[in-house]
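Notes to accompany the following structure.
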Amino acid sequence: MMQQDVEQIVERVAAKLGRGLSLEDLDGVLLAYSSNQSHADRVRVNFLLSKRVPSDVSAWQLSHGIATAVRPVVVPANEDLGMLGRVCVPLLVRGFRVGYLWVQQDLEEQSATAILAQLPGVRDELDLLAGLLLDSNTAESEFRRRREQEFLAACNGESNAVAAVAGWKEIQGKGPWQVVTILDAQGAGSAVDPIAATLTHRSAALQSTIGVDAALFSAGTETHSVVLFRESGGRAHHAQVLVHYQLELAKRAGRSVERVILGISEPIQVIRQLAGAYRQSKVAAQAAAVDAPLGELVDSRAVGVYQLFDRLQAPGGWDDTGSVHFRALEDHDRNGELLPVLELLYDNDGSVQDVAAKLHLHRSSIYNRLGRIRQFIGADPLNGAIRLELHAALKARRWAGRPRI
């Protein structure tokens with residue numbers, strides 16, 4: 001957000017209304033104010049000096065429902081606070097709250113009727129102002145930061161956070177839910193500035209989910225974003241978020257983003273299952289990052305053996321050289337002609353014809369390579385236990401290269 005742009009719009013609205021205005025974020029921090037004011041009450045003067053709404057004034061304002069309002073709210077005068085009557089205009093973008101514009105009544109006005117009658121005439125300016133706030137300030141809000149931290153803590157299984165999130169209004173009664181991990185396949189873990197990377201993912205997730213009713217809440221980390229969805233049978237909402245996230249991430253990161261992955265958990269019925277669902281979604285995203293045929297919208301149940309690898313806690317992770325047959329084959333495959341063919345064969349149900357078509361080779365070339373594999377390992381790679389061992393080792397090698405998130 002260009003502060004100058006915001007200030008100019010506030011001044012323009014003030015001039016049209018002929019009234020004093022102040023703009024604040026969701027935390028009650030002053031963002032801008034107009035210079036013209038026939039009479040400033042004590043609350044306005046103190047607010048402009050301190051740049052923050054005092055707690056007693058905030059309590060009075062909140063008691064009139066501004067935190068949930070979607071239309072202008074009349075907040076009556078309060079002599080004890082030294083406060084004239086005023087109108088609070090909630091600034092929203094597609095239903096998302098980004099700040100509040102306050103219009104103070106004049107000293108001689110007995111009601112806010114005249115202000116309410118004037119507001120439709122500045123609708124375009126208010127929409128523009130809300131858009132500017134959304135584009136830059138929302139993700140930096142302290143209130144938003146605290147909520148995201150609490151949500152991520154709940155995803156990591158912290159009991160107090162789980163209990164708090166379960167009580168959020170936007171989540172209550174919206175189950176069953178799904179957790180979605182959003183991962184930039186090429187950019188994960190490459191950030192130089194972790195703080196900037198976190199803000200980038202937070203902002204991209206926030207922007208890409210606005211207006212998507214099924215997306216209930218989003219948060220960002222240094223390496224990825226997390227979104228809580230209302231469970232649905234289809235994937236239209238997920239696909240919409242994927243496209244918008246890719247565009248937002250490219251805009252904010254200042255680079256091309258080639259591939260974004262959404263790892264989608266199994267549905268959960270209660271919020272206390274959040275940690276398990278988060279783990280499922282991360283594994284799905286990581287698996288798709290190293291195994292492109294899994295696609296970009298990846299259900300956790302579709303990633304197969306990768307679900308098991310995540311549970312292995314051996315020092316240094318899974319060691320695929322523990323397979324004698326795989327080690328022998330890897331030693332002989334210096335030109336990389338055998339292992340890719342074998343993995344593709346396993347992934348295509350052993351169909352030589354399908355593999356030959358995908359590699360643009362004749363079937364005899366596939367059979368020839370299978371013969372060489374048999375020779376090197378002294379066993380048939382398409383039979384029973386050997387097939388399981390080699391297929392698992394191939395996937396374990398991929399898993400070892402996964403993004404660490």
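Each chain in the structure tokens gets a letter, A, B, ..., in the order shown, and its residues are numbered from 1; ligands are numbered from 1 in order too.
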
*Tell me which protein, DNA and RNA residues are within 9 Å of Gln353 in chain A, counting only C-alpha atoms, leaving out same-chain ones fewer than 2 positions away, and put them as a PyMOL selection string.*
chain A and resi 350-351+355-358+362-363+366

*Please report, as JSON, numbers by chain, each residue of range 36-153 of chain A to which DSSP assigns strand (DSSP E or B) when run on this structure's backbone.*
{"A": [52, 73, 74, 75, 78, 83, 86, 87, 88, 89, 90, 91, 92, 93, 96, 97, 98, 99, 100, 101, 102, 103, 104]}

Would you save the residues of that selection, restricted to N, CA, C and O atoms, as a PDB file, in the first residue's frame?
ATOM      1  N   ARG A  52      -3.373   5.222  18.342  1.00  0.00           N
ATOM      2  CA  ARG A  52      -4.042   3.973  18.696  1.00  0.00           C
ATOM      3  C   ARG A  52      -5.299   4.267  19.507  1.00  0.00           C
ATOM      4  O   ARG A  52      -5.298   5.160  20.356  1.00  0.00           O
ATOM      5  N   VAL A  73     -22.339   1.642  11.016  1.00  0.00           N
ATOM      6  CA  VAL A  73     -22.876   1.523  12.374  1.00  0.00           C
ATOM      7  C   VAL A  73     -22.823   2.889  13.048  1.00  0.00           C
ATOM      8  O   VAL A  73     -21.775   3.552  13.057  1.00  0.00           O
ATOM      9  N   VAL A  74     -23.944   3.284  13.620  1.00  0.00           N
ATOM     10  CA  VAL A  74     -23.989   4.541  14.372  1.00  0.00           C
ATOM     11  C   VAL A  74     -23.534   4.257  15.800  1.00  0.00           C
ATOM     12  O   VAL A  74     -24.114   3.427  16.496  1.00  0.00           O
ATOM     13  N   VAL A  75     -22.474   4.936  16.222  1.00  0.00           N
ATOM     14  CA  VAL A  75     -21.979   4.820  17.596  1.00  0.00           C
ATOM     15  C   VAL A  75     -22.323   6.129  18.306  1.00  0.00           C
ATOM     16  O   VAL A  75     -21.808   7.189  17.943  1.00  0.00           O
ATOM     17  N   ASN A  78     -20.600   9.671  23.912  1.00  0.00           N
ATOM     18  CA  ASN A  78     -20.335   9.199  25.267  1.00  0.00           C
ATOM     19  C   ASN A  78     -19.640  10.337  26.020  1.00  0.00           C
ATOM     20  O   ASN A  78     -18.460  10.612  25.803  1.00  0.00           O
ATOM     21  N   MET A  83     -16.619  11.995  23.907  1.00  0.00           N
ATOM     22  CA  MET A  83     -16.746  11.494  22.536  1.00  0.00           C
ATOM     23  C   MET A  83     -18.074  11.926  21.941  1.00  0.00           C
ATOM     24  O   MET A  83     -19.148  11.654  22.499  1.00  0.00           O
ATOM     25  N   ARG A  86     -20.639   9.322  16.182  1.00  0.00           N
ATOM     26  CA  ARG A  86     -19.935   9.114  14.916  1.00  0.00           C
ATOM     27  C   ARG A  86     -20.471   7.881  14.225  1.00  0.00           C
ATOM     28  O   ARG A  86     -21.212   7.077  14.822  1.00  0.00           O
ATOM     29  N   VAL A  87     -20.086   7.716  12.987  1.00  0.00           N
ATOM     30  CA  VAL A  87     -20.498   6.545  12.201  1.00  0.00           C
ATOM     31  C   VAL A  87     -19.252   5.749  11.848  1.00  0.00           C
ATOM     32  O   VAL A  87     -18.254   6.293  11.371  1.00  0.00           O
ATOM     33  N   CYS A  88     -19.329   4.462  12.097  1.00  0.00           N
ATOM     34  CA  CYS A  88     -18.252   3.546  11.708  1.00  0.00           C
ATOM     35  C   CYS A  88     -18.631   2.884  10.388  1.00  0.00           C
ATOM     36  O   CYS A  88     -19.694   2.267  10.278  1.00  0.00           O
ATOM     37  N   VAL A  89     -17.767   3.004   9.397  1.00  0.00           N
ATOM     38  CA  VAL A  89     -17.986   2.358   8.096  1.00  0.00           C
ATOM     39  C   VAL A  89     -17.024   1.178   7.985  1.00  0.00           C
ATOM     40  O   VAL A  89     -15.815   1.378   7.789  1.00  0.00           O
ATOM     41  N   PRO A  90     -17.506  -0.055   8.138  1.00  0.00           N
ATOM     42  CA  PRO A  90     -16.613  -1.214   7.971  1.00  0.00           C
ATOM     43  C   PRO A  90     -16.147  -1.301   6.519  1.00  0.00           C
ATOM     44  O   PRO A  90     -16.959  -1.186   5.587  1.00  0.00           O
ATOM     45  N   LEU A  91     -14.873  -1.487   6.327  1.00  0.00           N
ATOM     46  CA  LEU A  91     -14.317  -1.629   4.977  1.00  0.00           C
ATOM     47  C   LEU A  91     -14.097  -3.112   4.714  1.00  0.00           C
ATOM     48  O   LEU A  91     -13.321  -3.772   5.419  1.00  0.00           O
ATOM     49  N   LEU A  92     -14.795  -3.622   3.716  1.00  0.00           N
ATOM     50  CA  LEU A  92     -14.737  -5.048   3.407  1.00  0.00           C
ATOM     51  C   LEU A  92     -14.457  -5.258   1.925  1.00  0.00           C
ATOM     52  O   LEU A  92     -14.856  -4.449   1.075  1.00  0.00           O
ATOM     53  N   VAL A  93     -13.788  -6.358   1.630  1.00  0.00           N
ATOM     54  CA  VAL A  93     -13.569  -6.774   0.245  1.00  0.00           C
ATOM     55  C   VAL A  93     -14.085  -8.201   0.123  1.00  0.00           C
ATOM     56  O   VAL A  93     -13.565  -9.106   0.755  1.00  0.00           O
ATOM     57  N   PHE A  96     -14.504  -9.790   3.321  1.00  0.00           N
ATOM     58  CA  PHE A  96     -13.357  -9.835   4.233  1.00  0.00           C
ATOM     59  C   PHE A  96     -13.104  -8.454   4.815  1.00  0.00           C
ATOM     60  O   PHE A  96     -12.949  -7.480   4.083  1.00  0.00           O
ATOM     61  N   ARG A  97     -13.025  -8.384   6.131  1.00  0.00           N
ATOM     62  CA  ARG A  97     -12.885  -7.109   6.835  1.00  0.00           C
ATOM     63  C   ARG A  97     -11.424  -6.659   6.828  1.00  0.00           C
ATOM     64  O   ARG A  97     -10.525  -7.423   7.198  1.00  0.00           O
ATOM     65  N   VAL A  98     -11.185  -5.405   6.424  1.00  0.00           N
ATOM     66  CA  VAL A  98      -9.813  -4.915   6.331  1.00  0.00           C
ATOM     67  C   VAL A  98      -9.550  -3.662   7.164  1.00  0.00           C
ATOM     68  O   VAL A  98      -8.401  -3.267   7.347  1.00  0.00           O
ATOM     69  N   GLY A  99     -10.584  -3.010   7.658  1.00  0.00           N
ATOM     70  CA  GLY A  99     -10.371  -1.809   8.456  1.00  0.00           C
ATOM     71  C   GLY A  99     -11.680  -1.077   8.706  1.00  0.00           C
ATOM     72  O   GLY A  99     -12.764  -1.554   8.339  1.00  0.00           O
ATOM     73  N   TYR A 100     -11.572   0.114   9.332  1.00  0.00           N
ATOM     74  CA  TYR A 100     -12.747   0.917   9.659  1.00  0.00           C
ATOM     75  C   TYR A 100     -12.475   2.377   9.322  1.00  0.00           C
ATOM     76  O   TYR A 100     -11.403   2.904   9.642  1.00  0.00           O
ATOM     77  N   LEU A 101     -13.455   3.028   8.706  1.00  0.00           N
ATOM     78  CA  LEU A 101     -13.407   4.465   8.467  1.00  0.00           C
ATOM     79  C   LEU A 101     -14.414   5.113   9.411  1.00  0.00           C
ATOM     80  O   LEU A 101     -15.581   4.716   9.446  1.00  0.00           O
ATOM     81  N   TRP A 102     -13.960   6.114  10.163  1.00  0.00           N
ATOM     82  CA  TRP A 102     -14.811   6.786  11.135  1.00  0.00           C
ATOM     83  C   TRP A 102     -15.155   8.187  10.650  1.00  0.00           C
ATOM     84  O   TRP A 102     -14.287   8.945  10.239  1.00  0.00           O
ATOM     85  N   VAL A 103     -16.461   8.507  10.720  1.00  0.00           N
ATOM     86  CA  VAL A 103     -16.965   9.819  10.317  1.00  0.00           C
ATOM     87  C   VAL A 103     -17.588  10.474  11.552  1.00  0.00           C
ATOM     88  O   VAL A 103     -18.587   9.980  12.087  1.00  0.00           O
ATOM     89  N   GLN A 104     -17.009  11.565  12.006  1.00  0.00           N
ATOM     90  CA  GLN A 104     -17.490  12.207  13.233  1.00  0.00           C
ATOM     91  C   GLN A 104     -18.637  13.168  12.937  1.00  0.00           C
ATOM     92  O   GLN A 104     -18.630  13.895  11.942  1.00  0.00           O
TER      93      GLN A 104
END

_Members of range 2-111 of chain A assigned alpha helix (DSSP H) by DSSP, as number ranges by chain_ = A: 3-17, 42-50, 55-62

*asked:* When you look at Gln273 in chain A with a cut-off of 10 Å (counting only C-alpha atoms), what residues show up, excluding the ones that are within fewer than 6 positions of it in the same chain? I need them as an MDAnalysis selection string.
replied: chainID A and resid 154:155 157 162 177 267

Those same residues, written as a compact mmCIF listing (two decimals), in the first residue's frame with all heavy atoms?
# COMPACT_ATOMS: atom_id res chain seq x y z
N ALA A 154 -2.27 -25.07 16.61
CA ALA A 154 -3.28 -26.13 16.64
C ALA A 154 -2.95 -27.22 15.63
O ALA A 154 -3.11 -28.42 15.91
CB ALA A 154 -4.67 -25.54 16.36
N CYS A 155 -2.48 -26.81 14.45
CA CYS A 155 -2.09 -27.80 13.43
C CYS A 155 -0.93 -28.67 13.92
O CYS A 155 -0.78 -29.82 13.49
CB CYS A 155 -1.70 -27.10 12.14
SG CYS A 155 -3.09 -26.42 11.21
N GLY A 157 -0.64 -29.60 17.00
CA GLY A 157 -1.12 -30.43 18.09
C GLY A 157 -1.09 -29.80 19.46
O GLY A 157 -1.30 -30.52 20.46
N VAL A 162 -5.67 -25.86 20.01
CA VAL A 162 -6.75 -26.65 19.42
C VAL A 162 -8.09 -26.24 20.03
O VAL A 162 -9.08 -26.04 19.32
CB VAL A 162 -6.51 -28.16 19.63
CG1 VAL A 162 -7.74 -28.96 19.23
CG2 VAL A 162 -5.30 -28.62 18.83
N TRP A 177 -14.13 -31.02 8.06
CA TRP A 177 -13.11 -30.13 7.49
C TRP A 177 -12.00 -30.93 6.81
O TRP A 177 -11.83 -32.13 7.03
CB TRP A 177 -12.46 -29.30 8.60
CG TRP A 177 -13.42 -28.50 9.42
CD1 TRP A 177 -13.87 -27.24 9.18
CD2 TRP A 177 -14.03 -28.90 10.66
NE1 TRP A 177 -14.73 -26.82 10.18
CE2 TRP A 177 -14.84 -27.82 11.10
CE3 TRP A 177 -13.98 -30.07 11.43
CZ2 TRP A 177 -15.60 -27.88 12.27
CZ3 TRP A 177 -14.74 -30.13 12.60
CH2 TRP A 177 -15.53 -29.05 13.02
N PRO A 267 -11.00 -36.01 5.29
CA PRO A 267 -11.91 -35.20 6.10
C PRO A 267 -11.79 -35.55 7.59
O PRO A 267 -11.54 -36.70 7.94
CB PRO A 267 -13.30 -35.58 5.58
CG PRO A 267 -13.06 -36.19 4.23
CD PRO A 267 -11.72 -36.84 4.31

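The nearest approach to Ser323 in chain A among the residues A:Leu388, A:Leu308, A:Val303, A:Glu24, with only C-alpha atoms taken into account, belongs to A:Leu388.
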
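Taking CA of Glu266 in chain A and CA of Leu206 in chain A as endpoints, the distance between them is 22.5 Å.
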
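The two atoms in question, CA of Arg12 in chain A and CA of Ser111 in chain A, are spaced 23.5 Å apart.
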
*For the atom pair CA of Leu23 in chain A and CA of Val6 in chain A, what is the interatomic distance in Å to one decimal place?*
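According to the coordinates, CA of Leu23 in chain A and CA of Val6 in chain A are separated by 9.2 Å.
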
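Of the residues under consideration (A:Gln118, A:Ser22, A:Asn368, A:Asn335), A:Ser22 shows the shortest atom-to-atom contact distance to Asn36 in chain A when counting only C-alpha atoms.
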